[in-house]
Amino acid sequence: MSVQNLNTFDPFADEGDPLGGNADVGSQQNYIHVRIQQRNGRKTLTTLQGLPKEYDPKKLLKAFKKEFACNGTLVDDEESGQVIQLQGDQRNKISAFLVEEGIARATIKIHGF
């Protein structure tokens, strides 16, 4: 007399690896992130990170500063690489500029309030 419910059964055994061996699960590397940071009072700072390698950040920063009439700087970050910082809330302008330059809108993530 054997008891059936004590046998081990794995319902997902035949599925294999659900992630397909992909090590970049949850990775944000393929997106361009445009964020806004609150400074003091009404002052804000817009940051842009995750640009593809074929775009020169210095030339892009110069074009942003001229187009948006704001000041900006290029900051080297250990985790995110080079980050472009612009004064003011420039999120929508940056997104429109990048789409106009040929970057797909689906790869641009806009964060903030």
# chains A, B, ... in the order shown; residues from 1 in each chain; ligands from 1
call {"tool": "residues_around", "arguments": {"residues": "range 67-74 of chain A", "least_positions_apart": "6", "cutoff": "9 Å", "atoms": "only C-alpha atoms", "output": "PDB file with all heavy atoms, in the first residue's frame"}}
result
ATOM      1  N   PRO A  57      28.432  62.927 -26.129  1.00  0.00           N
ATOM      2  CA  PRO A  57      27.741  63.692 -25.091  1.00  0.00           C
ATOM      3  C   PRO A  57      28.115  65.173 -25.084  1.00  0.00           C
ATOM      4  O   PRO A  57      27.269  66.023 -24.797  1.00  0.00           O
ATOM      5  CB  PRO A  57      28.166  63.029 -23.782  1.00  0.00           C
ATOM      6  CG  PRO A  57      28.810  61.764 -24.143  1.00  0.00           C
ATOM      7  CD  PRO A  57      29.207  61.834 -25.565  1.00  0.00           C
ATOM      8  N   LYS A  58      29.346  65.499 -25.424  1.00  0.00           N
ATOM      9  CA  LYS A  58      29.762  66.906 -25.419  1.00  0.00           C
ATOM     10  C   LYS A  58      29.032  67.700 -26.497  1.00  0.00           C
ATOM     11  O   LYS A  58      28.562  68.812 -26.251  1.00  0.00           O
ATOM     12  CB  LYS A  58      31.276  67.013 -25.610  1.00  0.00           C
ATOM     13  CG  LYS A  58      32.061  66.544 -24.413  1.00  0.00           C
ATOM     14  CD  LYS A  58      33.539  66.734 -24.629  1.00  0.00           C
ATOM     15  CE  LYS A  58      34.315  66.230 -23.419  1.00  0.00           C
ATOM     16  NZ  LYS A  58      35.750  66.391 -23.591  1.00  0.00           N
ATOM     17  N   LEU A  61      25.373  68.014 -25.488  1.00  0.00           N
ATOM     18  CA  LEU A  61      25.207  69.014 -24.439  1.00  0.00           C
ATOM     19  C   LEU A  61      25.256  70.425 -25.020  1.00  0.00           C
ATOM     20  O   LEU A  61      24.441  71.285 -24.659  1.00  0.00           O
ATOM     21  CB  LEU A  61      26.286  68.846 -23.369  1.00  0.00           C
ATOM     22  CG  LEU A  61      26.310  69.885 -22.258  1.00  0.00           C
ATOM     23  CD1 LEU A  61      25.020  69.840 -21.454  1.00  0.00           C
ATOM     24  CD2 LEU A  61      27.503  69.669 -21.359  1.00  0.00           C
ATOM     25  N   GLN A  82      28.537  58.646 -18.222  1.00  0.00           N
ATOM     26  CA  GLN A  82      28.433  60.093 -18.346  1.00  0.00           C
ATOM     27  C   GLN A  82      26.958  60.509 -18.296  1.00  0.00           C
ATOM     28  O   GLN A  82      26.129  59.965 -19.002  1.00  0.00           O
ATOM     29  CB  GLN A  82      29.073  60.570 -19.643  1.00  0.00           C
ATOM     30  CG  GLN A  82      30.580  60.482 -19.608  1.00  0.00           C
ATOM     31  CD  GLN A  82      31.204  61.161 -20.804  1.00  0.00           C
ATOM     32  OE1 GLN A  82      30.660  61.109 -21.890  1.00  0.00           O
ATOM     33  NE2 GLN A  82      32.334  61.786 -20.598  1.00  0.00           N
ATOM     34  N   VAL A  83      26.680  61.487 -17.435  1.00  0.00           N
ATOM     35  CA  VAL A  83      25.326  61.988 -17.247  1.00  0.00           C
ATOM     36  C   VAL A  83      25.305  63.458 -17.640  1.00  0.00           C
ATOM     37  O   VAL A  83      26.168  64.233 -17.225  1.00  0.00           O
ATOM     38  CB  VAL A  83      24.881  61.826 -15.772  1.00  0.00           C
ATOM     39  CG1 VAL A  83      23.497  62.407 -15.563  1.00  0.00           C
ATOM     40  CG2 VAL A  83      24.912  60.364 -15.370  1.00  0.00           C
ATOM     41  N   ILE A  84      24.322  63.840 -18.447  1.00  0.00           N
ATOM     42  CA  ILE A  84      24.153  65.241 -18.827  1.00  0.00           C
ATOM     43  C   ILE A  84      23.180  65.881 -17.845  1.00  0.00           C
ATOM     44  O   ILE A  84      22.084  65.347 -17.620  1.00  0.00           O
ATOM     45  CB  ILE A  84      23.614  65.356 -20.267  1.00  0.00           C
ATOM     46  CG1 ILE A  84      24.631  64.800 -21.257  1.00  0.00           C
ATOM     47  CG2 ILE A  84      23.276  66.795 -20.601  1.00  0.00           C
ATOM     48  CD1 ILE A  84      24.161  64.801 -22.689  1.00  0.00           C
ATOM     49  N   GLN A  85      23.588  66.999 -17.238  1.00  0.00           N
ATOM     50  CA  GLN A  85      22.729  67.739 -16.318  1.00  0.00           C
ATOM     51  C   GLN A  85      22.393  69.080 -16.942  1.00  0.00           C
ATOM     52  O   GLN A  85      23.275  69.786 -17.409  1.00  0.00           O
ATOM     53  CB  GLN A  85      23.425  67.975 -14.985  1.00  0.00           C
ATOM     54  CG  GLN A  85      23.597  66.740 -14.148  1.00  0.00           C
ATOM     55  CD  GLN A  85      24.213  67.055 -12.807  1.00  0.00           C
ATOM     56  OE1 GLN A  85      24.772  68.122 -12.601  1.00  0.00           O
ATOM     57  NE2 GLN A  85      24.110  66.115 -11.895  1.00  0.00           N
ATOM     58  N   LEU A  86      21.106  69.437 -16.936  1.00  0.00           N
ATOM     59  CA  LEU A  86      20.638  70.708 -17.468  1.00  0.00           C
ATOM     60  C   LEU A  86      19.825  71.434 -16.408  1.00  0.00           C
ATOM     61  O   LEU A  86      19.122  70.795 -15.620  1.00  0.00           O
ATOM     62  CB  LEU A  86      19.770  70.497 -18.710  1.00  0.00           C
ATOM     63  CG  LEU A  86      20.443  69.877 -19.919  1.00  0.00           C
ATOM     64  CD1 LEU A  86      19.409  69.575 -20.988  1.00  0.00           C
ATOM     65  CD2 LEU A  86      21.494  70.800 -20.466  1.00  0.00           C
ATOM     66  N   GLN A  87      19.914  72.744 -16.404  1.00  0.00           N
ATOM     67  CA  GLN A  87      19.137  73.528 -15.465  1.00  0.00           C
ATOM     68  C   GLN A  87      17.694  73.609 -15.927  1.00  0.00           C
ATOM     69  O   GLN A  87      17.414  73.760 -17.118  1.00  0.00           O
ATOM     70  CB  GLN A  87      19.694  74.945 -15.348  1.00  0.00           C
ATOM     71  CG  GLN A  87      21.002  75.018 -14.607  1.00  0.00           C
ATOM     72  CD  GLN A  87      21.499  76.446 -14.489  1.00  0.00           C
ATOM     73  OE1 GLN A  87      20.975  77.344 -15.136  1.00  0.00           O
ATOM     74  NE2 GLN A  87      22.511  76.640 -13.673  1.00  0.00           N
ATOM     75  N   GLY A  88      16.766  73.528 -14.970  1.00  0.00           N
ATOM     76  CA  GLY A  88      15.354  73.662 -15.281  1.00  0.00           C
ATOM     77  C   GLY A  88      14.718  72.341 -15.670  1.00  0.00           C
ATOM     78  O   GLY A  88      15.370  71.308 -15.762  1.00  0.00           O
ATOM     79  N   GLN A  90      13.575  70.314 -18.360  1.00  0.00           N
ATOM     80  CA  GLN A  90      13.751  70.189 -19.813  1.00  0.00           C
ATOM     81  C   GLN A  90      13.351  68.797 -20.312  1.00  0.00           C
ATOM     82  O   GLN A  90      13.745  68.399 -21.401  1.00  0.00           O
ATOM     83  CB  GLN A  90      15.211  70.465 -20.194  1.00  0.00           C
ATOM     84  CG  GLN A  90      15.814  71.700 -19.599  1.00  0.00           C
ATOM     85  CD  GLN A  90      15.199  72.985 -20.114  1.00  0.00           C
ATOM     86  OE1 GLN A  90      14.559  73.006 -21.146  1.00  0.00           O
ATOM     87  NE2 GLN A  90      15.388  74.058 -19.368  1.00  0.00           N
ATOM     88  N   LYS A  93      11.360  68.691 -23.688  1.00  0.00           N
ATOM     89  CA  LYS A  93      12.190  69.231 -24.766  1.00  0.00           C
ATOM     90  C   LYS A  93      13.285  68.245 -25.163  1.00  0.00           C
ATOM     91  O   LYS A  93      13.566  68.062 -26.346  1.00  0.00           O
ATOM     92  CB  LYS A  93      12.813  70.561 -24.330  1.00  0.00           C
ATOM     93  CG  LYS A  93      11.816  71.671 -24.151  1.00  0.00           C
ATOM     94  CD  LYS A  93      12.520  72.929 -23.703  1.00  0.00           C
ATOM     95  CE  LYS A  93      11.560  74.048 -23.410  1.00  0.00           C
ATOM     96  NZ  LYS A  93      12.245  75.245 -22.906  1.00  0.00           N
ATOM     97  N   ILE A  94      13.900  67.610 -24.167  1.00  0.00           N
ATOM     98  CA  ILE A  94      14.946  66.615 -24.456  1.00  0.00           C
ATOM     99  C   ILE A  94      14.342  65.443 -25.221  1.00  0.00           C
ATOM    100  O   ILE A  94      14.920  64.963 -26.200  1.00  0.00           O
ATOM    101  CB  ILE A  94      15.616  66.131 -23.150  1.00  0.00           C
ATOM    102  CG1 ILE A  94      16.478  67.236 -22.563  1.00  0.00           C
ATOM    103  CG2 ILE A  94      16.437  64.884 -23.386  1.00  0.00           C
ATOM    104  CD1 ILE A  94      17.077  66.893 -21.222  1.00  0.00           C
TER     105      ILE A  94
END
call {"tool": "residues_around", "arguments": {"residues": "Ala106 in chain A", "least_positions_apart": "5", "cutoff": "12 Å", "atoms": "only C-alpha atoms", "output": "list of chain:residue names"}}
result
A:Asn30, A:Tyr31, A:Ile32, A:His33, A:Ser95, A:Leu98, A:Val99
call {"tool": "write_last_selection", "arguments": {"atoms": "C-alpha atoms", "output": "tab-separated table (two decimals), in the first residue's frame"}}
result
chain	number	residue	atom	x	y	z
A	30	ASN	CA	18.87	49.75	-23.29
A	31	TYR	CA	16.82	52.78	-22.19
A	32	ILE	CA	17.61	56.49	-22.14
A	33	HIS	CA	16.50	57.90	-18.80
A	95	SER	CA	12.53	63.85	-25.46
A	98	LEU	CA	16.07	62.99	-29.26
A	99	VAL	CA	13.07	61.72	-31.25
call {"tool": "select_by_dssp", "arguments": {"residues": "chain A", "states": "alpha helix (DSSP H)", "output": "ChimeraX atom specification"}}
result
/A:57-68,91-100
call {"tool": "closest_residue", "arguments": {"among": "A:Ile110, A:Ala104, A:Ala96, A:Ala13", "to": "Thr47 in chain A", "atoms": "only C-alpha atoms"}}
result
A:Ile110
call {"tool": "closest_residue", "arguments": {"among": "A:Arg39, A:Arg91, A:Gly81, A:Phe12", "to": "Phe64 in chain A", "atoms": "only C-alpha atoms"}}
result
A:Arg91
call {"tool": "atom_distance", "arguments": {"atom1": "CA of Gly50 in chain A", "atom2": "CA of Ser80 in chain A"}}
result
7.0 Å
call {"tool": "select_by_dssp", "arguments": {"residues": "chain A", "states": "strand (DSSP E or B)", "output": "list in words"}}
result
Ile32, His33, Val34, Arg35, Ile36, Gln37, Gln38, Thr44, Leu45, Thr46, Thr47, Leu48, Gln49, Gly72, Thr73, Leu74, Val75, Asp76, Asp77, Gly81, Gln82, Val83, Ile84, Gln85, Leu86, Gln87, Ile108, Lys109 and Ile110 of chain A
call {"tool": "decode", "arguments": {"residues": "range 2-111 of chain A", "atoms": "C-alpha atoms", "output": "PDB file, in the first residue's frame"}}
result
ATOM      1  CA  SER A   2       1.704   3.217  -1.168  1.00  0.00           C
ATOM      2  CA  VAL A   3       0.606   6.749  -0.469  1.00  0.00           C
ATOM      3  CA  GLN A   4       0.394   8.833  -3.642  1.00  0.00           C
ATOM      4  CA  ASN A   5       0.540  12.296  -2.121  1.00  0.00           C
ATOM      5  CA  LEU A   6       4.044  11.801  -0.701  1.00  0.00           C
ATOM      6  CA  ASN A   7       5.636  11.504  -4.133  1.00  0.00           C
ATOM      7  CA  THR A   8       7.508  14.615  -5.243  1.00  0.00           C
ATOM      8  CA  PHE A   9       6.146  16.276  -8.340  1.00  0.00           C
ATOM      9  CA  ASP A  10       7.508  19.431  -9.944  1.00  0.00           C
ATOM     10  CA  PRO A  11       4.855  20.997 -12.218  1.00  0.00           C
ATOM     11  CA  PHE A  12       7.427  23.281 -13.857  1.00  0.00           C
ATOM     12  CA  ALA A  13      10.061  20.642 -14.594  1.00  0.00           C
ATOM     13  CA  ASP A  14       9.243  20.374 -18.305  1.00  0.00           C
ATOM     14  CA  GLU A  15       9.241  24.166 -18.801  1.00  0.00           C
ATOM     15  CA  GLY A  16      12.984  24.571 -18.424  1.00  0.00           C
ATOM     16  CA  ASP A  17      14.498  27.959 -17.613  1.00  0.00           C
ATOM     17  CA  PRO A  18      11.683  30.553 -17.769  1.00  0.00           C
ATOM     18  CA  LEU A  19      14.160  33.389 -18.283  1.00  0.00           C
ATOM     19  CA  GLY A  20      15.886  31.661 -21.166  1.00  0.00           C
ATOM     20  CA  GLY A  21      19.316  32.115 -19.602  1.00  0.00           C
ATOM     21  CA  ASN A  22      19.104  35.875 -20.021  1.00  0.00           C
ATOM     22  CA  ALA A  23      21.401  37.530 -17.477  1.00  0.00           C
ATOM     23  CA  ASP A  24      20.099  41.042 -18.187  1.00  0.00           C
ATOM     24  CA  VAL A  25      16.668  40.571 -16.657  1.00  0.00           C
ATOM     25  CA  GLY A  26      15.480  43.877 -15.263  1.00  0.00           C
ATOM     26  CA  SER A  27      18.402  45.686 -16.823  1.00  0.00           C
ATOM     27  CA  GLN A  28      17.899  49.330 -17.706  1.00  0.00           C
ATOM     28  CA  GLN A  29      20.869  49.483 -20.076  1.00  0.00           C
ATOM     29  CA  ASN A  30      18.868  49.753 -23.285  1.00  0.00           C
ATOM     30  CA  TYR A  31      16.823  52.778 -22.191  1.00  0.00           C
ATOM     31  CA  ILE A  32      17.606  56.485 -22.142  1.00  0.00           C
ATOM     32  CA  HIS A  33      16.499  57.902 -18.804  1.00  0.00           C
ATOM     33  CA  VAL A  34      15.435  61.534 -18.431  1.00  0.00           C
ATOM     34  CA  ARG A  35      14.928  62.482 -14.781  1.00  0.00           C
ATOM     35  CA  ILE A  36      14.163  65.626 -12.841  1.00  0.00           C
ATOM     36  CA  GLN A  37      15.635  66.475  -9.437  1.00  0.00           C
ATOM     37  CA  GLN A  38      14.388  69.158  -7.084  1.00  0.00           C
ATOM     38  CA  ARG A  39      17.035  71.594  -5.933  1.00  0.00           C
ATOM     39  CA  ASN A  40      16.162  74.405  -3.553  1.00  0.00           C
ATOM     40  CA  GLY A  41      12.885  76.268  -3.803  1.00  0.00           C
ATOM     41  CA  ARG A  42      11.488  76.204  -7.338  1.00  0.00           C
ATOM     42  CA  LYS A  43      14.823  75.312  -8.950  1.00  0.00           C
ATOM     43  CA  THR A  44      15.098  71.958 -10.723  1.00  0.00           C
ATOM     44  CA  LEU A  45      17.765  69.936 -12.463  1.00  0.00           C
ATOM     45  CA  THR A  46      17.160  67.613 -15.437  1.00  0.00           C
ATOM     46  CA  THR A  47      19.491  64.632 -15.916  1.00  0.00           C
ATOM     47  CA  LEU A  48      19.927  62.482 -19.019  1.00  0.00           C
ATOM     48  CA  GLN A  49      21.699  59.129 -18.877  1.00  0.00           C
ATOM     49  CA  GLY A  50      21.986  55.959 -20.906  1.00  0.00           C
ATOM     50  CA  LEU A  51      22.815  57.508 -24.261  1.00  0.00           C
ATOM     51  CA  PRO A  52      23.978  55.101 -26.977  1.00  0.00           C
ATOM     52  CA  LYS A  53      27.715  55.102 -27.674  1.00  0.00           C
ATOM     53  CA  GLU A  54      27.350  56.577 -31.171  1.00  0.00           C
ATOM     54  CA  TYR A  55      26.237  59.945 -29.748  1.00  0.00           C
ATOM     55  CA  ASP A  56      28.895  62.329 -28.470  1.00  0.00           C
ATOM     56  CA  PRO A  57      27.741  63.692 -25.091  1.00  0.00           C
ATOM     57  CA  LYS A  58      29.762  66.906 -25.419  1.00  0.00           C
ATOM     58  CA  LYS A  59      28.232  67.815 -28.772  1.00  0.00           C
ATOM     59  CA  LEU A  60      24.774  66.846 -27.550  1.00  0.00           C
ATOM     60  CA  LEU A  61      25.207  69.014 -24.439  1.00  0.00           C
ATOM     61  CA  LYS A  62      26.269  71.959 -26.567  1.00  0.00           C
ATOM     62  CA  ALA A  63      23.200  71.517 -28.793  1.00  0.00           C
ATOM     63  CA  PHE A  64      20.912  71.236 -25.740  1.00  0.00           C
ATOM     64  CA  LYS A  65      22.313  74.408 -24.191  1.00  0.00           C
ATOM     65  CA  LYS A  66      21.904  76.352 -27.415  1.00  0.00           C
ATOM     66  CA  GLU A  67      18.435  74.986 -28.249  1.00  0.00           C
ATOM     67  CA  PHE A  68      16.877  75.224 -24.762  1.00  0.00           C
ATOM     68  CA  ALA A  69      18.655  78.431 -23.596  1.00  0.00           C
ATOM     69  CA  CYS A  70      19.812  76.851 -20.341  1.00  0.00           C
ATOM     70  CA  ASN A  71      23.111  75.971 -18.724  1.00  0.00           C
ATOM     71  CA  GLY A  72      24.334  72.403 -18.390  1.00  0.00           C
ATOM     72  CA  THR A  73      27.246  70.201 -17.520  1.00  0.00           C
ATOM     73  CA  LEU A  74      28.606  66.713 -18.155  1.00  0.00           C
ATOM     74  CA  VAL A  75      29.130  64.612 -15.009  1.00  0.00           C
ATOM     75  CA  ASP A  76      31.020  61.307 -14.824  1.00  0.00           C
ATOM     76  CA  ASP A  77      29.175  58.788 -12.636  1.00  0.00           C
ATOM     77  CA  GLU A  78      30.624  55.424 -11.583  1.00  0.00           C
ATOM     78  CA  GLU A  79      27.392  53.478 -12.116  1.00  0.00           C
ATOM     79  CA  SER A  80      25.741  55.295 -15.035  1.00  0.00           C
ATOM     80  CA  GLY A  81      28.716  56.570 -16.991  1.00  0.00           C
ATOM     81  CA  GLN A  82      28.433  60.093 -18.346  1.00  0.00           C
ATOM     82  CA  VAL A  83      25.326  61.988 -17.247  1.00  0.00           C
ATOM     83  CA  ILE A  84      24.153  65.241 -18.827  1.00  0.00           C
ATOM     84  CA  GLN A  85      22.729  67.739 -16.318  1.00  0.00           C
ATOM     85  CA  LEU A  86      20.638  70.708 -17.468  1.00  0.00           C
ATOM     86  CA  GLN A  87      19.137  73.528 -15.465  1.00  0.00           C
ATOM     87  CA  GLY A  88      15.354  73.662 -15.281  1.00  0.00           C
ATOM     88  CA  ASP A  89      12.660  71.195 -16.296  1.00  0.00           C
ATOM     89  CA  GLN A  90      13.751  70.189 -19.813  1.00  0.00           C
ATOM     90  CA  ARG A  91      12.277  66.649 -19.879  1.00  0.00           C
ATOM     91  CA  ASN A  92       9.780  67.131 -22.721  1.00  0.00           C
ATOM     92  CA  LYS A  93      12.190  69.231 -24.766  1.00  0.00           C
ATOM     93  CA  ILE A  94      14.946  66.615 -24.456  1.00  0.00           C
ATOM     94  CA  SER A  95      12.530  63.845 -25.458  1.00  0.00           C
ATOM     95  CA  ALA A  96      11.336  65.771 -28.512  1.00  0.00           C
ATOM     96  CA  PHE A  97      14.922  66.629 -29.495  1.00  0.00           C
ATOM     97  CA  LEU A  98      16.073  62.989 -29.259  1.00  0.00           C
ATOM     98  CA  VAL A  99      13.070  61.717 -31.248  1.00  0.00           C
ATOM     99  CA  GLU A 100      13.826  64.333 -33.890  1.00  0.00           C
ATOM    100  CA  GLU A 101      17.406  63.033 -34.054  1.00  0.00           C
ATOM    101  CA  GLY A 102      16.177  59.524 -34.847  1.00  0.00           C
ATOM    102  CA  ILE A 103      16.034  57.792 -31.465  1.00  0.00           C
ATOM    103  CA  ALA A 104      12.883  55.705 -30.979  1.00  0.00           C
ATOM    104  CA  ARG A 105      10.383  57.146 -28.515  1.00  0.00           C
ATOM    105  CA  ALA A 106       9.939  53.691 -26.925  1.00  0.00           C
ATOM    106  CA  THR A 107      13.551  53.720 -25.695  1.00  0.00           C
ATOM    107  CA  ILE A 108      13.186  57.051 -23.875  1.00  0.00           C
ATOM    108  CA  LYS A 109      11.891  56.852 -20.297  1.00  0.00           C
ATOM    109  CA  ILE A 110      10.806  60.100 -18.647  1.00  0.00           C
ATOM    110  CA  HIS A 111      10.797  60.026 -14.830  1.00  0.00           C
TER     111      HIS A 111
END
